[in-house]
>>> print(open('upload_20.cif').read())   # mmCIF, C-alpha atoms
data_final
#
loop_
_atom_site.group_PDB
_atom_site.id
_atom_site.type_symbol
_atom_site.label_atom_id
_atom_site.label_comp_id
_atom_site.auth_asym_id
_atom_site.auth_seq_id
_atom_site.Cartn_x
_atom_site.Cartn_y
_atom_site.Cartn_z
ATOM 1 C CA MET A 244 46.815 21.634 -45.245
ATOM 2 C CA ARG A 245 48.738 23.232 -48.116
ATOM 3 C CA GLY A 246 52.438 22.336 -48.033
ATOM 4 C CA THR A 247 53.896 19.015 -47.000
ATOM 5 C CA ARG A 248 56.266 17.897 -44.318
ATOM 6 C CA GLY A 249 59.352 19.157 -46.173
ATOM 7 C CA PRO A 250 59.267 22.901 -45.337
ATOM 8 C CA ALA A 251 58.765 22.210 -41.672
ATOM 9 C CA LEU A 252 61.547 19.649 -41.552
ATOM 10 C CA LEU A 253 64.063 22.388 -42.203
ATOM 11 C CA LEU A 254 63.390 23.475 -38.636
ATOM 12 C CA LEU A 255 65.871 20.833 -37.501
ATOM 13 C CA LEU A 256 68.639 23.246 -38.372
ATOM 14 C CA LEU A 257 67.320 25.697 -35.785
ATOM 15 C CA VAL A 258 69.192 23.874 -33.017
ATOM 16 C CA ALA A 259 72.325 25.763 -33.995
ATOM 17 C CA ALA A 260 70.561 29.118 -33.840
ATOM 18 C CA ALA A 261 68.147 28.805 -30.917
ATOM 19 C CA ALA A 262 69.922 31.534 -28.965
ATOM 20 C CA ALA A 263 69.066 34.020 -31.685
ATOM 21 C CA ALA A 264 65.386 33.773 -30.797
ATOM 22 C CA ALA A 265 65.945 36.070 -27.850
ATOM 23 C CA GLY A 266 66.221 38.956 -30.303
ATOM 24 C CA ARG A 267 68.606 41.852 -30.444
ATOM 25 C CA LYS A 268 69.668 43.505 -27.211
ATOM 26 C CA GLU A 269 69.148 47.205 -26.848
ATOM 27 C CA LYS A 270 72.223 49.306 -27.411
ATOM 28 C CA VAL A 271 73.475 51.560 -24.636
ATOM 29 C CA GLY A 272 71.792 54.919 -24.984
ATOM 30 C CA ASP A 273 68.903 53.654 -27.106
ATOM 31 C CA LYS A 274 65.574 55.223 -26.298
ATOM 32 C CA VAL A 275 63.029 52.661 -25.155
ATOM 33 C CA CYS A 276 59.268 53.095 -25.025
ATOM 34 C CA ASP A 277 56.310 51.530 -23.251
ATOM 35 C CA LYS A 278 53.053 50.952 -25.142
ATOM 36 C CA GLY A 279 51.434 48.817 -22.456
ATOM 37 C CA TRP A 280 50.520 45.164 -22.932
ATOM 38 C CA GLU A 281 51.413 45.097 -26.625
ATOM 39 C CA CYS A 282 54.957 46.464 -26.584
ATOM 40 C CA SER A 283 57.220 47.730 -23.820
ATOM 41 C CA GLY A 284 60.859 48.094 -22.829
ATOM 42 C CA SER A 285 62.227 48.288 -26.360
ATOM 43 C CA ARG A 286 63.294 50.868 -28.932
ATOM 44 C CA PHE A 287 60.945 49.150 -31.371
ATOM 45 C CA CYS A 288 58.022 50.071 -29.143
ATOM 46 C CA CYS A 289 58.689 53.722 -29.985
ATOM 47 C CA ASN A 290 57.255 52.929 -33.435
ATOM 48 C CA GLU A 291 53.609 52.178 -34.124
ATOM 49 C CA THR A 292 52.446 48.810 -32.839
ATOM 50 C CA ILE A 293 50.637 46.315 -35.017
ATOM 51 C CA SER A 294 47.215 47.071 -33.539
ATOM 52 C CA ASP A 295 47.750 50.732 -34.437
ATOM 53 C CA TYR A 296 47.649 49.988 -38.148
ATOM 54 C CA PHE A 297 46.237 46.460 -38.541
ATOM 55 C CA LYS A 298 42.673 46.125 -37.305
ATOM 56 C CA ALA A 299 40.259 43.258 -36.791
ATOM 57 C CA TYR A 300 38.235 44.117 -39.904
ATOM 58 C CA GLN A 301 41.411 43.774 -42.021
ATOM 59 C CA PHE A 302 42.114 40.355 -40.537
ATOM 60 C CA GLU A 303 38.561 39.388 -41.483
ATOM 61 C CA GLU A 304 39.136 40.589 -45.061
ATOM 62 C CA LEU A 305 42.401 38.685 -45.415
ATOM 63 C CA PHE A 306 40.895 35.424 -44.181
ATOM 64 C CA ALA A 307 37.370 35.918 -45.430
ATOM 65 C CA LYS A 308 36.466 32.240 -45.862
ATOM 66 C CA ARG A 309 38.196 30.715 -42.851
ATOM 67 C CA ASN A 310 34.890 30.107 -41.040
ATOM 68 C CA ASP A 311 32.976 28.777 -44.026
ATOM 69 C CA PRO A 312 30.685 26.126 -42.528
ATOM 70 C CA GLN A 313 30.945 23.783 -45.512
ATOM 71 C CA LEU A 314 34.573 23.900 -46.628
ATOM 72 C CA ALA A 315 36.731 25.257 -43.789
ATOM 73 C CA HIS A 316 38.275 22.578 -41.581
ATOM 74 C CA ALA A 317 39.056 24.865 -38.622
ATOM 75 C CA ALA A 318 35.956 27.059 -38.563
ATOM 76 C CA GLY A 319 35.771 29.160 -35.409
ATOM 77 C CA PHE A 320 39.361 28.486 -34.382
ATOM 78 C CA TRP A 321 41.419 31.398 -35.754
ATOM 79 C CA ASP A 322 40.772 35.033 -34.832
ATOM 80 C CA TYR A 323 42.387 38.459 -34.762
ATOM 81 C CA GLN A 324 42.907 38.491 -30.994
ATOM 82 C CA ALA A 325 44.952 35.281 -31.124
ATOM 83 C CA PHE A 326 47.256 36.832 -33.724
ATOM 84 C CA ILE A 327 47.677 40.158 -31.890
ATOM 85 C CA THR A 328 48.311 38.425 -28.558
ATOM 86 C CA ALA A 329 51.012 36.256 -30.127
ATOM 87 C CA ALA A 330 52.512 39.181 -32.049
ATOM 88 C CA ALA A 331 52.845 41.166 -28.810
ATOM 89 C CA VAL A 332 55.508 38.678 -27.645
ATOM 90 C CA PHE A 333 57.685 39.640 -30.617
ATOM 91 C CA GLU A 334 56.880 43.299 -31.221
ATOM 92 C CA PRO A 335 59.582 44.383 -28.711
ATOM 93 C CA ARG A 336 62.019 42.420 -30.917
ATOM 94 C CA GLY A 337 60.946 44.227 -34.073
ATOM 95 C CA PHE A 338 58.135 42.102 -35.498
ATOM 96 C CA GLY A 339 55.851 44.575 -37.244
ATOM 97 C CA THR A 340 57.585 47.428 -35.401
ATOM 98 C CA THR A 341 60.786 47.808 -37.431
ATOM 99 C CA GLY A 342 60.847 51.041 -39.403
ATOM 100 C CA GLY A 343 57.727 53.066 -40.003
ATOM 101 C CA GLN A 344 54.128 52.091 -40.548
ATOM 102 C CA ASP A 345 54.681 51.177 -44.190
ATOM 103 C CA MET A 346 57.374 48.636 -43.356
ATOM 104 C CA GLY A 347 55.314 47.295 -40.465
ATOM 105 C CA MET A 348 52.274 46.755 -42.668
ATOM 106 C CA ARG A 349 54.366 45.106 -45.355
ATOM 107 C CA GLU A 350 55.970 42.742 -42.854
ATOM 108 C CA VAL A 351 52.623 41.755 -41.352
ATOM 109 C CA ALA A 352 51.290 41.158 -44.877
ATOM 110 C CA ALA A 353 54.367 39.073 -45.735
ATOM 111 C CA PHE A 354 54.124 36.929 -42.610
ATOM 112 C CA LEU A 355 50.372 36.421 -42.926
ATOM 113 C CA ASP A 356 50.867 35.631 -46.603
ATOM 114 C CA HIS A 357 52.953 32.586 -45.688
ATOM 115 C CA VAL A 358 50.348 31.652 -43.093
ATOM 116 C CA GLY A 359 47.504 32.027 -45.578
ATOM 117 C CA ALA A 360 49.225 30.142 -48.378
ATOM 118 C CA LYS A 361 50.226 27.234 -46.129
ATOM 119 C CA THR A 362 46.797 26.806 -44.504
ATOM 120 C CA SER A 363 44.652 27.421 -47.584
ATOM 121 C CA CYS A 364 41.996 25.107 -48.934
ATOM 122 C CA GLY A 365 41.322 27.491 -51.818
ATOM 123 C CA TYR A 366 41.422 26.755 -55.507
ATOM 124 C CA THR A 367 41.114 28.911 -58.596
ATOM 125 C CA GLU A 368 37.348 28.536 -59.008
ATOM 126 C CA ALA A 369 36.578 28.683 -55.266
ATOM 127 C CA PRO A 370 34.117 31.341 -54.069
ATOM 128 C CA GLY A 371 36.121 34.488 -53.408
ATOM 129 C CA GLY A 372 39.079 33.119 -55.362
ATOM 130 C CA LEU A 373 42.215 31.213 -54.450
ATOM 131 C CA THR A 374 43.533 33.751 -51.924
ATOM 132 C CA ALA A 375 40.392 34.028 -49.756
ATOM 133 C CA TRP A 376 40.773 30.666 -48.038
ATOM 134 C CA GLY A 377 43.748 31.048 -45.703
ATOM 135 C CA LEU A 378 43.480 29.623 -42.166
ATOM 136 C CA CYS A 379 41.246 26.854 -43.459
ATOM 137 C CA TYR A 380 43.191 24.254 -41.455
ATOM 138 C CA ASN A 381 44.892 23.982 -38.082
ATOM 139 C CA HIS A 382 46.380 20.522 -38.598
ATOM 140 C CA GLU A 383 47.264 18.010 -41.279
ATOM 141 C CA LEU A 384 44.333 15.917 -42.434
ATOM 142 C CA SER A 385 44.771 12.149 -42.692
ATOM 143 C CA PRO A 386 48.492 12.054 -41.835
ATOM 144 C CA SER A 387 50.344 9.244 -43.545
ATOM 145 C CA GLN A 388 52.598 8.537 -40.568
ATOM 146 C CA SER A 389 53.322 9.558 -36.978
ATOM 147 C CA TYR A 390 56.473 11.541 -37.949
ATOM 148 C CA CYS A 391 58.575 9.986 -35.187
ATOM 149 C CA ASP A 392 62.346 10.020 -35.722
ATOM 150 C CA ASP A 393 63.643 7.407 -33.306
ATOM 151 C CA SER A 394 67.248 8.349 -34.009
ATOM 152 C CA ASN A 395 66.921 11.778 -32.394
ATOM 153 C CA GLU A 396 68.225 11.591 -28.839
ATOM 154 C CA LEU A 397 67.854 15.266 -27.976
ATOM 155 C CA TYR A 398 64.112 15.287 -28.588
ATOM 156 C CA PRO A 399 63.027 11.624 -28.412
ATOM 157 C CA CYS A 400 59.529 10.589 -29.393
ATOM 158 C CA VAL A 401 56.994 10.263 -26.604
ATOM 159 C CA GLU A 402 55.111 6.991 -26.616
ATOM 160 C CA GLY A 403 51.659 7.353 -28.100
ATOM 161 C CA VAL A 404 52.260 10.881 -29.419
ATOM 162 C CA GLU A 405 52.045 11.697 -33.120
ATOM 163 C CA TYR A 406 54.019 14.561 -34.659
ATOM 164 C CA TYR A 407 52.026 15.303 -37.802
ATOM 165 C CA GLY A 408 51.695 18.848 -39.119
ATOM 166 C CA ARG A 409 50.011 21.387 -36.876
ATOM 167 C CA GLY A 410 49.818 25.168 -36.698
ATOM 168 C CA VAL A 411 49.959 28.043 -39.179
ATOM 169 C CA LEU A 412 53.495 27.382 -40.411
ATOM 170 C CA PRO A 413 53.063 23.638 -39.959
ATOM 171 C CA VAL A 414 55.446 21.831 -37.635
ATOM 172 C CA TYR A 415 56.295 18.171 -38.325
ATOM 173 C CA TRP A 416 58.489 15.577 -36.564
ATOM 174 C CA ASN A 417 59.419 15.172 -32.917
ATOM 175 C CA HIS A 418 62.714 17.087 -33.111
ATOM 176 C CA ASN A 419 60.998 20.119 -34.620
ATOM 177 C CA TYR A 420 58.284 20.139 -31.960
ATOM 178 C CA GLY A 421 61.050 20.014 -29.374
ATOM 179 C CA ILE A 422 62.950 22.921 -30.928
ATOM 180 C CA VAL A 423 59.903 25.136 -31.437
ATOM 181 C CA GLY A 424 58.576 24.288 -27.993
ATOM 182 C CA LYS A 425 61.854 25.363 -26.435
ATOM 183 C CA GLY A 426 61.674 28.594 -28.417
ATOM 184 C CA ILE A 427 58.202 29.524 -27.166
ATOM 185 C CA LYS A 428 58.600 27.904 -23.727
ATOM 186 C CA GLN A 429 55.969 25.223 -24.230
ATOM 187 C CA ASP A 430 56.292 21.443 -23.889
ATOM 188 C CA LEU A 431 55.366 20.660 -27.476
ATOM 189 C CA LEU A 432 57.341 17.430 -27.470
ATOM 190 C CA ASN A 433 54.887 15.929 -25.012
ATOM 191 C CA HIS A 434 51.934 18.014 -26.130
ATOM 192 C CA PRO A 435 52.133 18.823 -29.846
ATOM 193 C CA GLU A 436 48.346 19.018 -29.852
ATOM 194 C CA LEU A 437 48.632 22.485 -28.297
ATOM 195 C CA LEU A 438 49.237 23.887 -31.785
ATOM 196 C CA GLU A 439 45.818 22.704 -32.923
ATOM 197 C CA GLN A 440 44.061 23.514 -29.653
ATOM 198 C CA ASN A 441 45.373 27.012 -28.920
ATOM 199 C CA ALA A 442 45.363 29.534 -31.776
ATOM 200 C CA THR A 443 47.552 32.020 -29.885
ATOM 201 C CA LEU A 444 50.286 29.417 -29.348
ATOM 202 C CA ALA A 445 50.054 28.383 -32.998
ATOM 203 C CA PHE A 446 50.623 31.980 -34.113
ATOM 204 C CA GLU A 447 53.386 32.394 -31.526
ATOM 205 C CA ALA A 448 55.215 29.330 -32.841
ATOM 206 C CA ALA A 449 54.969 30.646 -36.398
ATOM 207 C CA ILE A 450 56.192 34.147 -35.520
ATOM 208 C CA TRP A 451 59.083 32.619 -33.570
ATOM 209 C CA ARG A 452 59.992 30.729 -36.746
ATOM 210 C CA TRP A 453 59.766 33.949 -38.775
ATOM 211 C CA MET A 454 62.036 35.780 -36.339
ATOM 212 C CA THR A 455 64.625 33.008 -35.855
ATOM 213 C CA PRO A 456 67.603 32.216 -38.145
ATOM 214 C CA MET A 457 67.980 28.608 -39.197
ATOM 215 C CA LYS A 458 71.710 28.620 -38.542
ATOM 216 C CA ARG A 459 74.256 30.951 -37.023
ATOM 217 C CA LYS A 460 75.481 33.566 -39.518
ATOM 218 C CA GLN A 461 72.296 33.134 -41.529
ATOM 219 C CA PRO A 462 69.387 35.607 -41.505
ATOM 220 C CA SER A 463 65.850 35.116 -40.312
ATOM 221 C CA ALA A 464 62.891 35.737 -42.597
ATOM 222 C CA HIS A 465 62.333 38.938 -40.605
ATOM 223 C CA ASP A 466 65.899 40.082 -41.229
ATOM 224 C CA VAL A 467 65.835 39.546 -44.986
ATOM 225 C CA PHE A 468 62.495 41.304 -45.275
ATOM 226 C CA VAL A 469 63.056 44.454 -43.197
ATOM 227 C CA GLY A 470 66.613 45.071 -44.399
ATOM 228 C CA ASN A 471 68.613 43.981 -41.358
ATOM 229 C CA TRP A 472 70.543 41.486 -43.471
ATOM 230 C CA LYS A 473 73.475 42.433 -45.698
ATOM 231 C CA PRO A 474 74.241 39.761 -48.316
ATOM 232 C CA THR A 475 77.771 38.386 -48.501
ATOM 233 C CA LYS A 476 79.607 37.804 -51.767
ATOM 234 C CA ASN A 477 78.475 34.181 -51.630
ATOM 235 C CA ASP A 478 74.873 35.329 -51.202
ATOM 236 C CA THR A 479 75.020 37.563 -54.267
ATOM 237 C CA LEU A 480 76.622 34.782 -56.297
ATOM 238 C CA SER A 481 73.716 32.595 -55.129
ATOM 239 C CA LYS A 482 71.272 35.318 -56.219
ATOM 240 C CA ARG A 483 70.036 35.860 -52.664
ATOM 241 C CA TYR A 484 69.072 39.467 -52.014
ATOM 242 C CA PRO A 485 66.989 41.289 -49.378
ATOM 243 C CA GLY A 486 63.270 41.179 -50.075
ATOM 244 C CA PHE A 487 60.215 38.994 -49.981
ATOM 245 C CA GLY A 488 61.643 36.308 -52.254
ATOM 246 C CA THR A 489 64.350 35.405 -49.777
ATOM 247 C CA THR A 490 61.795 34.851 -46.994
ATOM 248 C CA MET A 491 60.729 31.811 -49.019
ATOM 249 C CA ASN A 492 64.344 30.663 -49.143
ATOM 250 C CA VAL A 493 64.696 30.969 -45.362
ATOM 251 C CA LEU A 494 61.412 29.172 -44.663
ATOM 252 C CA TYR A 495 61.344 26.499 -47.392
ATOM 253 C CA GLY A 496 64.756 26.315 -49.045
ATOM 254 C CA ASP A 497 64.972 24.390 -52.302
ATOM 255 C CA LEU A 498 61.523 22.913 -51.813
ATOM 256 C CA ILE A 499 60.330 26.218 -53.283
ATOM 257 C CA CYS A 500 63.409 28.163 -54.400
ATOM 258 C CA GLY A 501 65.789 27.518 -57.268
ATOM 259 C CA GLN A 502 63.079 25.588 -59.112
ATOM 260 C CA GLU A 503 62.369 28.367 -61.626
ATOM 261 C CA SER A 504 58.804 29.716 -61.745
ATOM 262 C CA THR A 505 56.606 27.115 -60.048
ATOM 263 C CA ASP A 506 52.916 27.249 -59.181
ATOM 264 C CA GLU A 507 53.637 26.834 -55.478
ATOM 265 C CA MET A 508 56.007 29.812 -55.413
ATOM 266 C CA ASN A 509 53.639 31.954 -57.450
ATOM 267 C CA ILE A 510 50.708 31.128 -55.149
ATOM 268 C CA ILE A 511 52.703 32.431 -52.177
ATOM 269 C CA ILE A 512 53.548 35.626 -54.073
ATOM 270 C CA SER A 513 49.907 36.044 -55.133
ATOM 271 C CA HIS A 514 48.755 35.849 -51.510
ATOM 272 C CA TYR A 515 51.311 38.475 -50.518
ATOM 273 C CA GLN A 516 50.262 40.939 -53.192
ATOM 274 C CA HIS A 517 46.568 40.337 -52.535
ATOM 275 C CA TYR A 518 47.076 40.994 -48.833
ATOM 276 C CA LEU A 519 48.967 44.208 -49.590
ATOM 277 C CA ASN A 520 45.993 45.393 -51.605
ATOM 278 C CA LEU A 521 43.508 44.511 -48.872
ATOM 279 C CA MET A 522 45.619 46.297 -46.225
ATOM 280 C CA GLY A 523 45.711 49.468 -48.308
ATOM 281 C CA VAL A 524 49.424 49.308 -49.075
ATOM 282 C CA GLY A 525 49.028 48.201 -52.680
ATOM 283 C CA ARG A 526 50.721 45.421 -54.625
ATOM 284 C CA GLU A 527 52.891 48.015 -56.350
ATOM 285 C CA HIS A 528 54.783 48.241 -53.046
ATOM 286 C CA SER A 529 55.682 44.547 -53.021
ATOM 287 C CA GLY A 530 59.362 45.537 -53.118
ATOM 288 C CA ASP A 531 62.323 44.294 -55.093
ATOM 289 C CA ASN A 532 63.411 40.669 -55.377
ATOM 290 C CA LEU A 533 59.890 39.304 -55.093
ATOM 291 C CA ASP A 534 60.599 35.705 -56.101
ATOM 292 C CA CYS A 535 63.273 33.084 -55.422
ATOM 293 C CA ALA A 536 63.067 31.198 -58.700
ATOM 294 C CA ASP A 537 66.811 31.395 -59.342
ATOM 295 C CA GLN A 538 68.104 31.469 -55.774
ATOM 296 C CA VAL A 539 70.398 28.824 -54.356
ATOM 297 C CA ALA A 540 69.015 27.522 -51.070
ATOM 298 C CA PHE A 541 70.706 28.614 -47.844
ATOM 299 C CA ASN A 542 70.383 25.026 -46.624
ATOM 300 C CA PRO A 543 70.031 22.535 -49.509
ATOM 301 C CA SER A 544 67.777 19.630 -48.671
ATOM 302 C CA SER A 545 70.568 17.243 -49.672
ATOM 303 C CA GLU A 546 72.425 18.408 -46.554
ATOM 304 C CA ASN A 547 69.513 17.375 -44.349
ATOM 305 C CA SER A 548 68.840 13.658 -44.207
ATOM 306 C CA ASP A 549 65.251 14.291 -43.098
ATOM 307 C CA SER A 550 64.244 16.430 -46.076
#
>>> encode(input="upload_20.cif", output="structure tokens")
Amino acid sequence: MRGTRGPALLLLLLVAAAAAAAGRKEKVGDKVCDKGWECSGSRFCCNETISDYFKAYQFEELFAKRNDPQLAHAAGFWDYQAFITAAAVFEPRGFGTTGGQDMGMREVAAFLDHVGAKTSCGYTEAPGGLTAWGLCYNHELSPSQSYCDDSNELYPCVEGVEYYGRGVLPVYWNHNYGIVGKGIKQDLLNHPELLEQNATLAFEAAIWRWMTPMKRKQPSAHDVFVGNWKPTKNDTLSKRYPGFGTTMNVLYGDLICGQESTDEMNIIISHYQHYLNLMGVGREHSGDNLDCADQVAFNPSSENSDS
């Protein structure tokens, strides 16, 4: 599984922002719309839904090698329906439904880019190229430890349970399984294996992470991407601006950002631009502030004893 325990460990900070996962409340007088099972009871549902503009054949193109019988480690596990079913939980909150179709397509590409980059088994000379191998994994292979933090009293380890990386934005450690499980209303502390047994829940956990700020008064990856977030003076001094680059800051902090131009950062950007091309948007619409090479992390790893 591409990516190590570090990015997922930043989820510990989500305790302070768990209430934000409920999404924005509708304002008095806002028009709300009902699009059936996929989106209802929200002003965001008045826009096009994800299934209106992102079809199964596009999912197949983005993750062309995920079912390769020789190299893929989760062949047959991931599919379009699992993604759409999970996305429907968050479309009323604005996931893929903020703004017009162009913004929706770009956000879906951005989210799936992170998914593809973090679950890729691709390499430069691989058939189809580096970016064709997303969703190759659904769990960490050969974990080096059980990822049990005995000091955490809020989400204590369950005897016999291992908390190695699982899912599409991999979750590690008992406290993070507890936090994410609370967010998606699943008992992941006792049953972390759900994220490698149920593709819909794995996507749901990842979209919840995308939509949820790490701390109060900080933005979510969704917010920085769609333009909901307005940088403060401190943000601008830290070179944090709205755009794709700052989604990496929210999700991975200084494990990716502020390290100048690294291969890992550039691989994530390459996936994003490739996906934009495949979805018919075009890499030329990647937006401003594409990288985070010079950004100061929102939450430096030195502030988190687990990172």
>>> resolve_selection(input="upload_20.cif", expression="the PyMOL selection byres ((chain A and resi 280) around 10)", output="list in words")
Asp277, Lys278, Gly279, Glu281, Cys282, Ser283, Thr328, Ala331 and Val332 of chain A
>>> residues_around(input="upload_20.cif", residues="segment 348-357 of chain A", least_positions_apart="3", cutoff="10 Å", atoms="all atoms listed in the file", output="PyMOL selection string")
chain A and resi 293+296-297+302+305-306+326+330+338-341+343-345+360-363+374+377-378+411-412+446+449-450+453+464-465+468-469+487+490-491+494+510-526+528-530
>>> closest_residue(input="upload_20.cif", among="A:Asp393, A:Ala299, A:Asp534, A:Gly486", to="Gln324 of chain A", atoms="only C-alpha atoms")
A:Ala299
>>> atom_distance(input="upload_20.cif", atom1="atom CA of Met508 of chain A", atom2="atom CA of Cys379 of chain A")
19.2 Å
>>> closest_residue(input="upload_20.cif", among="A:Asp537, A:Glu405, A:Asp497, A:Glu527", to="Tyr484 of chain A", atoms="only C-alpha atoms")
A:Asp537
>>> resolve_selection(input="upload_20.cif", expression="the PyMOL selection byres ((chain A and resi 437-443) around 6)", output="MDAnalysis selection string")
chainID A and resid 321 325 329 381 409:410 434:436 444:446
>>> resolve_selection(input="upload_20.cif", expression="the PyMOL selection byres ((chain A and resi 493) around 9)", output="ChimeraX atom specification")
/A:453,456-457,461-464,467,489-492,494-496,540-542
>>> decode(input="upload_20.cif", residues="segment 400-447 of chain A", atoms="C-alpha atoms", output="compact mmCIF listing (two decimals), in the first residue's frame")
# COMPACT_ATOMS: atom_id res chain seq x y z
CA CYS A 400 -7.07 -1.31 21.98
CA VAL A 401 -9.26 -4.39 21.80
CA GLU A 402 -7.49 -7.59 22.73
CA GLY A 403 -6.49 -9.58 19.68
CA VAL A 404 -7.31 -6.79 17.21
CA GLU A 405 -4.66 -5.29 14.95
CA TYR A 406 -4.90 -1.71 13.68
CA TYR A 407 -2.70 -1.81 10.58
CA GLY A 408 -3.54 0.26 7.52
CA ARG A 409 -6.83 -0.45 5.78
CA GLY A 410 -9.05 1.36 3.30
CA VAL A 411 -8.54 3.83 0.46
CA LEU A 412 -7.10 6.64 2.57
CA PRO A 413 -5.44 4.15 4.92
CA VAL A 414 -6.36 4.27 8.59
CA TYR A 415 -3.77 3.21 11.19
CA TRP A 416 -3.80 2.94 15.01
CA ASN A 417 -6.62 2.23 17.43
CA HIS A 418 -7.46 5.87 18.18
CA ASN A 419 -7.88 6.66 14.49
CA TYR A 420 -10.15 3.67 13.92
CA GLY A 421 -12.21 4.89 16.86
CA ILE A 422 -12.47 8.43 15.50
CA VAL A 423 -13.30 7.42 11.93
CA GLY A 424 -15.74 4.78 13.13
CA LYS A 425 -17.58 7.38 15.17
CA GLY A 426 -17.69 9.62 12.12
CA ILE A 427 -19.29 7.00 9.87
CA LYS A 428 -21.28 5.30 12.65
CA GLN A 429 -19.44 1.99 12.51
CA ASP A 430 -17.65 0.12 15.31
CA LEU A 431 -14.23 0.18 13.68
CA LEU A 432 -12.45 -0.01 17.02
CA ASN A 433 -13.72 -3.54 17.50
CA HIS A 434 -13.96 -4.35 13.82
CA PRO A 435 -11.29 -2.52 11.81
CA GLU A 436 -11.44 -5.36 9.30
CA LEU A 437 -14.63 -3.81 7.91
CA LEU A 438 -12.47 -1.42 5.88
CA GLU A 439 -10.92 -4.33 4.00
CA GLN A 440 -14.12 -6.36 3.79
CA ASN A 441 -16.63 -3.72 2.67
CA ALA A 442 -15.62 -1.43 -0.20
CA THR A 443 -18.53 0.97 0.39
CA LEU A 444 -17.52 1.52 4.02
CA ALA A 445 -13.90 2.01 2.97
CA PHE A 446 -14.92 4.75 0.52
CA GLU A 447 -17.28 6.25 3.10
